[in-house]
$ cat work02.txt   # compact mmCIF, C-alpha atoms
# COMPACT_ATOMS: atom_id res chain seq x y z
CA MET A 1 118.26 -84.61 164.33
CA SER A 2 121.52 -83.03 163.33
CA VAL A 3 121.56 -79.77 161.42
CA LEU A 4 124.30 -78.26 159.28
CA PHE A 5 124.48 -74.58 160.08
CA PRO A 6 125.32 -71.91 157.51
CA SER A 7 128.93 -70.85 157.35
CA GLU A 8 128.32 -67.25 158.50
CA PHE A 9 128.14 -68.34 162.13
CA ASN A 10 131.26 -70.50 161.95
CA THR A 11 133.52 -68.04 160.14
CA PRO A 12 135.62 -65.69 162.32
CA PRO A 13 134.73 -62.03 161.76
CA GLN A 14 137.07 -60.03 159.59
CA ALA A 15 139.44 -57.67 161.29
CA SER A 16 137.96 -54.22 161.72
CA ASP A 17 137.86 -51.28 164.05
CA ASP A 18 135.07 -52.85 166.14
CA ALA A 19 137.22 -52.58 169.28
CA ALA A 20 136.65 -48.81 169.15
CA LEU A 21 132.89 -49.30 169.36
CA ARG A 22 131.05 -49.35 172.67
CA VAL A 23 129.02 -52.56 172.75
CA ALA A 24 126.19 -53.25 175.20
CA VAL A 25 124.46 -56.60 175.64
CA LEU A 26 120.86 -56.12 176.77
CA ILE A 27 119.07 -59.11 178.32
CA PRO A 28 115.41 -58.72 179.37
CA CYS A 29 114.52 -61.35 181.97
CA TYR A 30 111.53 -62.75 183.79
CA ASN A 31 112.08 -65.85 185.95
CA GLU A 32 115.15 -67.15 184.10
CA ALA A 33 117.33 -68.17 187.07
CA ALA A 34 118.00 -71.56 185.47
CA ALA A 35 119.49 -69.99 182.33
CA ILE A 36 120.64 -66.43 182.94
CA GLY A 37 123.99 -67.28 184.50
CA THR A 38 125.00 -69.28 181.43
CA VAL A 39 123.79 -66.54 179.10
CA VAL A 40 125.84 -63.87 180.88
CA ARG A 41 128.99 -66.01 180.96
CA ASP A 42 128.65 -67.03 177.30
CA PHE A 43 128.23 -63.44 176.10
CA ARG A 44 131.07 -62.30 178.36
CA ALA A 45 133.30 -64.85 176.61
CA ALA A 46 132.01 -63.99 173.13
CA LEU A 47 132.14 -60.19 173.59
CA PRO A 48 134.73 -59.49 176.31
CA GLN A 49 134.71 -55.74 175.51
CA ALA A 50 130.94 -55.41 176.03
CA GLN A 51 128.97 -54.20 179.03
CA ILE A 52 126.31 -56.78 179.89
CA TYR A 53 123.02 -55.51 181.32
CA VAL A 54 120.30 -57.74 182.74
CA TYR A 55 116.94 -56.04 183.27
CA ASP A 56 114.86 -58.04 185.72
CA ASN A 57 111.10 -57.79 185.21
CA ASN A 58 109.70 -58.75 188.66
CA SER A 59 111.28 -62.21 188.76
CA THR A 60 110.50 -64.33 191.83
CA ASP A 61 113.10 -67.06 191.35
CA GLY A 62 116.33 -65.16 192.10
CA THR A 63 117.14 -64.24 188.47
CA ALA A 64 118.69 -60.91 189.50
CA GLU A 65 120.98 -62.50 192.07
CA VAL A 66 122.19 -65.18 189.65
CA ALA A 67 122.87 -62.56 186.96
CA ALA A 68 124.81 -60.36 189.38
CA ARG A 69 126.98 -63.28 190.50
CA ALA A 70 127.73 -64.04 186.85
CA GLY A 71 129.06 -60.49 186.40
CA ALA A 72 126.16 -58.64 184.78
CA ILE A 73 125.00 -55.13 185.59
CA VAL A 74 121.53 -55.78 187.01
CA ARG A 75 118.69 -53.28 186.83
CA ARG A 76 114.98 -53.67 187.46
CA GLU A 77 111.84 -52.68 185.57
CA PRO A 78 108.68 -53.01 187.73
CA ARG A 79 106.15 -52.60 184.89
CA GLN A 80 105.37 -56.11 183.67
CA GLY A 81 105.88 -56.91 179.99
CA LYS A 82 108.78 -57.19 177.56
CA GLY A 83 107.79 -53.96 175.83
CA HIS A 84 108.22 -52.00 179.06
CA VAL A 85 111.62 -53.64 179.66
CA VAL A 86 112.90 -52.89 176.14
CA ARG A 87 111.69 -49.30 176.39
CA ARG A 88 113.63 -48.88 179.66
CA MET A 89 116.78 -50.53 178.30
CA PHE A 90 116.83 -48.41 175.16
CA ALA A 91 116.35 -45.24 177.20
CA ASP A 92 118.90 -45.99 179.93
CA VAL A 93 121.87 -47.59 178.18
CA GLU A 94 124.38 -45.67 176.08
CA ALA A 95 126.46 -47.54 173.47
CA ASP A 96 127.32 -47.59 169.77
CA VAL A 97 126.12 -51.15 169.21
CA PHE A 98 123.33 -52.88 171.14
CA VAL A 99 123.04 -56.66 171.31
CA MET A 100 119.59 -57.71 172.54
CA VAL A 101 119.00 -61.35 173.39
CA ASP A 102 116.48 -63.30 175.43
CA GLY A 103 117.70 -64.66 178.75
CA ASP A 104 116.54 -68.25 178.18
CA ASP A 105 119.84 -69.62 176.77
CA THR A 106 118.29 -70.68 173.46
CA TYR A 107 120.46 -68.46 171.26
CA ASP A 108 124.11 -69.06 170.36
CA ALA A 109 126.32 -66.40 171.98
CA ALA A 110 129.24 -67.43 169.75
CA ALA A 111 127.35 -65.88 166.83
CA ALA A 112 127.42 -62.40 168.35
CA PRO A 113 130.95 -61.31 167.24
CA ALA A 114 130.23 -62.06 163.57
CA MET A 115 126.89 -60.26 163.76
CA VAL A 116 128.42 -57.21 165.42
CA ALA A 117 131.22 -57.19 162.85
CA ARG A 118 128.74 -57.33 159.99
CA LEU A 119 126.72 -54.44 161.38
CA ALA A 120 129.90 -52.38 161.86
CA ASP A 121 131.58 -53.26 158.54
CA GLU A 122 128.48 -52.70 156.40
CA GLY A 123 127.08 -49.72 158.31
CA LEU A 124 123.81 -51.50 159.09
CA ASP A 125 121.17 -50.51 161.60
CA LEU A 126 119.78 -53.97 162.33
CA VAL A 127 121.09 -57.52 162.07
CA ASN A 128 118.42 -60.11 162.82
CA GLY A 129 119.34 -63.57 164.08
CA VAL A 130 117.20 -66.08 162.16
CA ARG A 131 116.52 -69.20 164.21
CA VAL A 132 117.61 -72.59 162.86
CA ALA A 133 116.39 -75.28 165.25
CA GLY A 134 119.11 -77.66 166.39
CA THR A 135 116.60 -80.26 167.56
CA ASP A 136 112.99 -81.16 166.85
CA THR A 137 111.93 -79.84 170.26
CA ALA A 138 113.74 -76.47 170.20
CA TYR A 139 111.13 -74.66 168.10
CA ARG A 140 107.54 -75.56 168.97
CA PRO A 141 105.33 -76.17 165.90
CA GLY A 142 102.69 -73.65 167.03
CA HIS A 143 105.26 -70.89 167.48
CA LYS A 144 106.95 -71.75 164.19
CA LEU A 145 103.66 -71.65 162.26
CA GLY A 146 102.55 -68.41 163.92
CA ASN A 147 105.92 -66.76 163.23
CA HIS A 148 105.79 -67.85 159.58
CA LEU A 149 102.25 -66.51 159.10
CA LEU A 150 102.85 -63.20 160.88
CA SER A 151 106.20 -62.60 159.16
CA GLY A 152 104.54 -63.30 155.80
CA LEU A 153 101.70 -60.91 156.63
CA VAL A 154 104.14 -58.09 157.40
CA ARG A 155 106.04 -58.76 154.16
CA THR A 156 102.76 -58.62 152.23
CA ILE A 157 101.68 -55.34 153.84
CA PHE A 158 105.01 -53.50 153.73
CA GLY A 159 106.52 -55.09 150.62
CA ARG A 160 109.48 -56.60 152.47
CA GLY A 161 110.39 -57.74 155.93
CA SER A 162 112.09 -60.40 158.02
CA SER A 163 111.94 -64.16 157.58
CA ASP A 164 111.95 -64.47 161.40
CA MET A 165 110.16 -61.40 162.69
CA LEU A 166 109.83 -62.75 166.24
CA SER A 167 113.47 -63.61 166.83
CA GLY A 168 114.77 -62.62 170.26
CA PHE A 169 118.37 -62.13 169.08
CA ARG A 170 119.10 -58.85 167.29
CA ILE A 171 121.96 -56.39 166.88
CA PHE A 172 121.06 -52.69 166.69
CA SER A 173 122.93 -49.52 165.90
CA ARG A 174 122.66 -46.54 168.23
CA ARG A 175 120.83 -44.76 165.41
CA PHE A 176 118.08 -47.41 165.52
CA VAL A 177 117.76 -47.56 169.30
CA LYS A 178 117.65 -43.82 169.95
CA THR A 179 115.02 -43.13 167.26
CA PHE A 180 112.67 -46.00 168.09
CA PRO A 181 109.35 -44.61 169.44
CA MET A 182 108.12 -47.87 170.95
CA MET A 183 104.54 -48.14 172.12
CA SER A 184 104.09 -51.86 172.84
CA ARG A 185 103.92 -53.27 176.34
CA GLY A 186 104.47 -56.97 175.76
CA PHE A 187 105.82 -59.58 173.38
CA GLU A 188 104.48 -57.70 170.35
CA ILE A 189 107.50 -55.40 170.69
CA GLU A 190 109.28 -57.70 168.19
CA THR A 191 106.77 -56.71 165.49
CA GLU A 192 107.21 -53.02 166.23
CA LEU A 193 111.01 -53.33 165.94
CA THR A 194 110.67 -54.87 162.48
CA VAL A 195 108.17 -52.27 161.25
CA HIS A 196 110.35 -49.40 162.51
CA ALA A 197 113.20 -50.60 160.31
CA LEU A 198 110.85 -51.02 157.33
CA GLU A 199 109.21 -47.63 157.77
CA LEU A 200 112.52 -45.75 157.66
CA ASP A 201 113.99 -48.07 155.00
CA MET A 202 116.99 -48.84 157.20
CA PRO A 203 119.87 -51.00 155.97
CA THR A 204 119.39 -54.42 157.57
CA ALA A 205 120.61 -57.98 157.28
CA GLU A 206 119.73 -61.45 158.52
CA VAL A 207 122.12 -64.12 159.77
CA PRO A 208 120.93 -67.70 160.42
CA GLY A 209 122.10 -69.37 163.61
CA ARG A 210 121.56 -72.25 165.99
CA PHE A 211 118.45 -72.24 168.16
CA LYS A 212 118.72 -74.51 171.20
CA ASP A 213 116.35 -76.16 173.66
CA ARG A 214 115.77 -74.36 176.92
CA PRO A 215 117.88 -75.69 179.80
CA GLU A 216 116.24 -77.98 182.32
CA GLY A 217 114.18 -76.02 184.83
CA SER A 218 113.47 -73.14 182.45
CA GLU A 219 109.92 -72.67 181.21
CA SER A 220 108.62 -70.64 178.27
CA LYS A 221 106.40 -67.66 179.10
CA LEU A 222 104.85 -67.62 175.61
CA ASN A 223 101.36 -68.68 174.58
CA SER A 224 100.96 -69.25 170.84
CA ILE A 225 97.29 -68.23 170.60
CA ARG A 226 97.30 -65.35 173.09
CA ASP A 227 100.56 -63.81 171.88
CA GLY A 228 99.62 -64.42 168.24
CA MET A 229 96.38 -62.45 168.68
CA ARG A 230 98.25 -59.60 170.38
CA ILE A 231 100.77 -59.48 167.55
CA LEU A 232 97.95 -59.55 164.98
CA ARG A 233 96.32 -56.59 166.71
CA THR A 234 99.65 -54.77 166.65
CA ILE A 235 100.03 -55.41 162.91
CA THR A 236 96.47 -54.12 162.33
CA ARG A 237 97.21 -50.98 164.34
CA LEU A 238 100.49 -50.41 162.51
CA LEU A 239 98.79 -50.96 159.15
CA LYS A 240 96.24 -48.25 159.94
CA GLN A 241 99.00 -46.00 161.25
CA GLU A 242 101.54 -46.51 158.46
CA ARG A 243 99.29 -47.24 155.46
CA PRO A 244 96.11 -45.21 156.11
CA LEU A 245 95.38 -44.59 152.43
CA LEU A 246 95.36 -48.34 151.76
CA VAL A 247 93.10 -49.06 154.75
CA PHE A 248 90.57 -46.29 154.15
CA SER A 249 90.55 -46.80 150.37
CA ALA A 250 89.65 -50.44 150.94
CA LEU A 251 86.91 -49.36 153.35
CA ALA A 252 85.64 -46.80 150.82
CA ALA A 253 85.56 -49.48 148.12
CA VAL A 254 83.46 -51.77 150.35
CA PHE A 255 80.97 -48.96 151.07
CA ALA A 256 80.78 -47.95 147.41
CA ILE A 257 80.26 -51.48 146.07
CA THR A 258 77.56 -52.16 148.68
CA ALA A 259 75.84 -48.86 147.84
CA LEU A 260 75.85 -49.62 144.09
CA ALA A 261 74.54 -53.13 144.68
CA LEU A 262 71.63 -51.77 146.73
CA ALA A 263 70.97 -48.93 144.27
CA ALA A 264 70.89 -51.08 141.12
CA PRO A 265 67.28 -52.40 141.51
CA VAL A 266 66.10 -48.97 142.70
CA PHE A 267 67.46 -47.30 139.54
CA ALA A 268 66.09 -50.09 137.33
CA GLU A 269 62.61 -49.63 138.76
CA TYR A 270 62.84 -45.84 138.50
CA PHE A 271 63.81 -45.97 134.83
CA ALA A 272 61.00 -48.46 134.14
CA THR A 273 58.18 -46.76 136.06
CA GLY A 274 59.44 -43.32 137.09
CA LEU A 275 58.74 -44.25 140.71
CA VAL A 276 60.94 -44.97 143.75
CA PRO A 277 58.76 -47.24 145.90
CA ARG A 278 61.73 -48.56 147.96
CA LEU A 279 62.69 -45.26 149.53
CA PRO A 280 64.50 -46.77 152.59
CA THR A 281 66.78 -48.74 150.26
CA ALA A 282 67.53 -45.61 148.27
CA VAL A 283 68.34 -43.65 151.43
CA LEU A 284 70.61 -46.46 152.70
CA SER A 285 72.41 -46.62 149.35
CA ALA A 286 72.96 -42.85 149.30
CA SER A 287 74.22 -42.93 152.90
CA LEU A 288 76.72 -45.69 152.14
CA MET A 289 78.00 -43.77 149.13
CA ILE A 290 78.51 -40.68 151.32
CA LEU A 291 80.46 -42.87 153.77
CA ALA A 292 82.57 -44.12 150.87
CA PHE A 293 83.52 -40.57 149.88
CA LEU A 294 84.21 -39.65 153.51
CA SER A 295 86.44 -42.72 153.98
CA GLY A 296 88.41 -41.83 150.86
CA ALA A 297 88.85 -38.26 152.07
CA VAL A 298 89.95 -39.43 155.53
CA GLY A 299 92.48 -41.75 153.90
CA LEU A 300 93.96 -38.92 151.84
CA ILE A 301 94.20 -36.61 154.86
CA LEU A 302 95.78 -39.26 157.11
CA ASP A 303 98.20 -40.25 154.36
CA THR A 304 99.44 -36.66 154.25
CA VAL A 305 99.80 -36.62 158.03
CA THR A 306 101.62 -39.97 157.96
CA ARG A 307 104.01 -38.75 155.29
CA GLY A 308 104.86 -35.67 157.39
CA ARG A 309 105.39 -37.83 160.48
CA GLN A 310 107.64 -40.21 158.54
CA GLU A 311 109.69 -37.30 157.24
CA ALA A 312 110.11 -36.00 160.81
CA LYS A 313 111.17 -39.45 162.00
CA ARG A 314 113.61 -39.71 159.11
CA MET A 315 115.18 -36.39 159.98
CA GLN A 316 115.49 -37.47 163.63
CA TYR A 317 117.05 -40.74 162.45
CA LEU A 318 119.61 -38.86 160.34
CA SER A 319 120.49 -36.60 163.26
CA VAL A 320 122.00 -39.58 165.15
CA PRO A 321 125.45 -40.63 163.89
CA GLY A 322 125.57 -44.07 162.29
CA VAL A 323 127.88 -46.91 163.28
CA LEU A 324 130.45 -46.00 160.61
CA ALA A 325 130.77 -42.52 162.09
CA ALA A 326 131.17 -44.05 165.56
CA ARG A 327 134.04 -46.18 164.25
CA GLY A 328 135.71 -43.06 162.96
CA ASP A 329 135.76 -44.12 159.31
CA ALA A 330 137.12 -41.16 157.38
CA PRO A 331 135.27 -40.09 154.26
CA VAL A 332 136.98 -40.66 150.94
CA VAL A 333 138.17 -37.34 149.50
CA ALA A 334 138.84 -37.16 145.80
CA THR A 335 142.33 -35.95 144.85
CA PRO A 336 142.25 -33.16 142.25
CA HIS A 337 143.54 -34.30 138.91
CA PRO A 338 146.73 -32.42 137.93
CA ARG A 339 146.20 -30.10 135.03

$ encode --input "work02.txt" --output "structure tokens"
Amino acid sequence: MSVLFPSEFNTPPQASDDAALRVAVLIPCYNEAAAIGTVVRDFRAALPQAQIYVYDNNSTDGTAEVAARAGAIVRREPRQGKGHVVRRMFADVEADVFVMVDGDDTYDAAAAPAMVARLADEGLDLVNGVRVAGTDTAYRPGHKLGNHLLSGLVRTIFGRGSSDMLSGFRIFSRRFVKTFPMMSRGFEIETELTVHALELDMPTAEVPGRFKDRPEGSESKLNSIRDGMRILRTITRLLKQERPLLVFSALAAVFAITALALAAPVFAEYFATGLVPRLPTAVLSASLMILAFLSGAVGLILDTVTRGRQEAKRMQYLSVPGVLAARGDAPVVATPHPR
């Protein structure tokens, strides 16, 4: 099936001062010997000014050797899991613009210059590569459905988000990378990246691009059900962490409604006879109402703590120069009007 791709990926980037920016291509890898050489060469051709780093995550098929022969700077991360690899890459590498892409040769390297140019020209912190499948087999139905549901869930919780939250092709500013307090260990790192941008209300953009089949001999490490459950747990944890008032208010409402439902017949009988024969029900109702008030109070306290933590993260974010400052864009100074 042929696909017409949006014009953004086929239009040469506008001239800018991007050459002054330090660009790093970060490629996390686990058993990608069949694809990594092509990925390194394609990104070398697309971004000749960039340093290309391949972080090998305990591969057993010679991925590191193939990447080194292709011209990449190869480093190793022994702790298994994409989250550990991304954490190490973000900590170790210094650059103004970071291009992170999976090492499976499913993303179009030719799209990278336009994405980097957009981030630099518009002063963005994140440009997300939205996958457009070039064939019917490139994007497995289970992964596509799970991505759609999880991306929609994040948009519902946080009010906005990405149309392809689990994309493995993203462009980051230094400001994003050096203020990202990642906690994930595995594939759920993609969710945490999206939520970090939403939490700090960063300027972001999305660019659609071609998503290819894996090359012959390369196998996916993903499991739709297992990874979907891990991502769902991550979203639940982030919801409690970033929206505690919403979570504990909902819990308080459940306790309060249950308490009132149990108390209704007890009150009716008391008003009719002046007796409370169902004492255990009355005690349970009163206990649930106490829990409702406690949950509401906990939500208010945690919301205050969360707000303070977000303000601290925002101040840390602002302390790192943005991509426009790295380019050396001079501020516009108003000329005094002659009197």

$ closest_residue --input "work02.txt" --among "A:Ala282, A:Ala67, A:Leu193, A:Ala24" --to "A:Glu269" --atoms "all atoms listed in the file"
A:Ala282

$ closest_residue --input "work02.txt" --among "A:Val101, A:Ala205, A:Ala45, A:Ile36" --to "A:Ser59" --atoms "all atoms listed in the file"
A:Ile36

$ atom_distance --input "work02.txt" --atom1 "atom CA of A:Arg79" --atom2 "atom CA of A:Phe169"
22.1 Å

$ residues_around --input "work02.txt" --residues "A:Leu291" --least-positions-apart "5" --cutoff "9 Å" --atoms "only C-alpha atoms" --output "list in words"
Ala252, Phe255, Ala256, Ala286 and Gly296 of chain A

$ atom_distance --input "work02.txt" --atom1 "atom CA of A:Arg87" --atom2 "atom CA of A:Ser319"
20.3 Å

$ residues_around --input "work02.txt" --residues "A:Asp102" --least-positions-apart "5" --cutoff "9 Å" --atoms "only C-alpha atoms" --output "list of chain:residue names"
A:Leu26, A:Ile27, A:Pro28, A:Cys29, A:Val39, A:Tyr107, A:Gly168, A:Phe169

$ closest_residue --input "work02.txt" --among "A:Asp96, A:Asp303, A:Glu122, A:Glu188" --to "A:Arg175" --atoms "only C-alpha atoms"
A:Asp96

$ closest_residue --input "work02.txt" --among "A:Lys313, A:Arg210, A:Arg75, A:Arg243" --to "A:Phe158" --atoms "only C-alpha atoms"
A:Arg243

$ atom_distance --input "work02.txt" --atom1 "atom CA of A:Ala326" --atom2 "atom CA of A:Ser162"
26.2 Å

$ closest_residue --input "work02.txt" --among "A:Arg214, A:His84, A:Arg185, A:Arg69" --to "A:Arg41" --atoms "only C-alpha atoms"
A:Arg69

$ axis_aligned_box --input "work02.txt" --around "stretch 193-203 of chain A" --padding-each-side "5 Å" --output "AutoDock Vina command-line options"
--center_x 114.0 --center_y -50.3 --center_z 160.5 --size_x 21.7 --size_y 19.1 --size_z 20.9

$ decode --input "work02.txt" --residues "stretch 141-177 of chain A" --atoms "N, CA and C atoms" --output "short mmCIF file (atom, residue, chain, number, x, y, z; two decimals), in the first residue's frame"
data_model
loop_
_atom_site.label_atom_id
_atom_site.label_comp_id
_atom_site.auth_asym_id
_atom_site.auth_seq_id
_atom_site.Cartn_x
_atom_site.Cartn_y
_atom_site.Cartn_z
N PRO A 141 -0.95 -4.10 14.43
CA PRO A 141 -2.25 -3.62 14.92
C PRO A 141 -2.32 -3.50 16.44
N GLY A 142 -1.74 -4.49 17.16
CA GLY A 142 -1.78 -4.43 18.62
C GLY A 142 -1.04 -3.23 19.17
N HIS A 143 0.13 -2.94 18.61
CA HIS A 143 0.91 -1.78 19.05
C HIS A 143 0.19 -0.48 18.69
N LYS A 144 -0.41 -0.45 17.50
CA LYS A 144 -1.11 0.76 17.07
C LYS A 144 -2.31 1.05 17.96
N LEU A 145 -3.08 0.01 18.29
CA LEU A 145 -4.25 0.19 19.16
C LEU A 145 -3.82 0.62 20.56
N GLY A 146 -2.80 -0.06 21.10
CA GLY A 146 -2.32 0.30 22.44
C GLY A 146 -1.80 1.72 22.50
N ASN A 147 -1.06 2.13 21.48
CA ASN A 147 -0.53 3.50 21.43
C ASN A 147 -1.67 4.51 21.37
N HIS A 148 -2.69 4.21 20.57
CA HIS A 148 -3.84 5.12 20.44
C HIS A 148 -4.56 5.27 21.78
N LEU A 149 -4.79 4.14 22.47
CA LEU A 149 -5.52 4.18 23.74
C LEU A 149 -4.70 4.90 24.82
N LEU A 150 -3.43 4.59 24.92
CA LEU A 150 -2.60 5.19 25.95
C LEU A 150 -2.37 6.68 25.69
N SER A 151 -2.17 7.05 24.43
CA SER A 151 -2.00 8.47 24.09
C SER A 151 -3.27 9.24 24.41
N GLY A 152 -4.43 8.63 24.10
CA GLY A 152 -5.71 9.27 24.42
C GLY A 152 -5.93 9.41 25.91
N LEU A 153 -5.49 8.41 26.68
CA LEU A 153 -5.63 8.46 28.14
C LEU A 153 -4.81 9.61 28.72
N VAL A 154 -3.59 9.78 28.23
CA VAL A 154 -2.74 10.88 28.71
C VAL A 154 -3.35 12.22 28.35
N ARG A 155 -3.90 12.34 27.13
CA ARG A 155 -4.54 13.60 26.74
C ARG A 155 -5.75 13.89 27.62
N THR A 156 -6.49 12.87 27.99
CA THR A 156 -7.66 13.05 28.86
C THR A 156 -7.23 13.51 30.25
N ILE A 157 -6.19 12.91 30.78
CA ILE A 157 -5.74 13.23 32.14
C ILE A 157 -5.11 14.61 32.23
N PHE A 158 -4.24 14.93 31.26
CA PHE A 158 -3.45 16.15 31.34
C PHE A 158 -3.99 17.28 30.46
N GLY A 159 -5.06 17.03 29.74
CA GLY A 159 -5.68 18.08 28.94
C GLY A 159 -5.12 18.21 27.54
N ARG A 160 -3.91 17.76 27.33
CA ARG A 160 -3.30 17.76 26.00
C ARG A 160 -2.19 16.73 26.01
N GLY A 161 -1.62 16.48 24.85
CA GLY A 161 -0.57 15.47 24.78
C GLY A 161 -0.16 15.20 23.36
N SER A 162 0.41 14.04 23.13
CA SER A 162 0.93 13.67 21.82
C SER A 162 -0.01 12.70 21.14
N SER A 163 -0.08 12.78 19.81
CA SER A 163 -0.88 11.82 19.05
C SER A 163 -0.13 10.50 18.89
N ASP A 164 1.18 10.49 19.15
CA ASP A 164 1.98 9.26 19.08
C ASP A 164 2.96 9.28 20.25
N MET A 165 2.43 8.99 21.42
CA MET A 165 3.20 9.12 22.65
C MET A 165 4.37 8.15 22.72
N LEU A 166 4.28 7.03 22.00
CA LEU A 166 5.29 5.98 22.11
C LEU A 166 6.28 5.99 20.96
N SER A 167 6.33 7.08 20.22
CA SER A 167 7.29 7.17 19.12
C SER A 167 8.72 7.09 19.65
N GLY A 168 9.58 6.41 18.88
CA GLY A 168 10.97 6.29 19.25
C GLY A 168 11.87 7.28 18.55
N PHE A 169 11.30 8.31 17.92
CA PHE A 169 12.08 9.30 17.18
C PHE A 169 11.68 10.69 17.69
N ARG A 170 12.58 11.31 18.45
CA ARG A 170 12.28 12.62 19.05
C ARG A 170 13.52 13.51 19.02
N ILE A 171 13.27 14.81 18.94
CA ILE A 171 14.33 15.81 19.00
C ILE A 171 14.12 16.61 20.28
N PHE A 172 15.18 16.74 21.09
CA PHE A 172 15.09 17.44 22.36
C PHE A 172 16.06 18.62 22.40
N SER A 173 15.68 19.63 23.15
CA SER A 173 16.62 20.70 23.47
C SER A 173 17.45 20.28 24.68
N ARG A 174 18.57 20.95 24.86
CA ARG A 174 19.38 20.71 26.05
C ARG A 174 18.59 21.01 27.32
N ARG A 175 17.75 22.03 27.24
CA ARG A 175 16.93 22.42 28.39
C ARG A 175 16.03 21.27 28.83
N PHE A 176 15.48 20.53 27.88
CA PHE A 176 14.63 19.38 28.21
C PHE A 176 15.47 18.27 28.84
N VAL A 177 16.55 17.90 28.16
CA VAL A 177 17.35 16.74 28.57
C VAL A 177 17.94 16.92 29.96
#
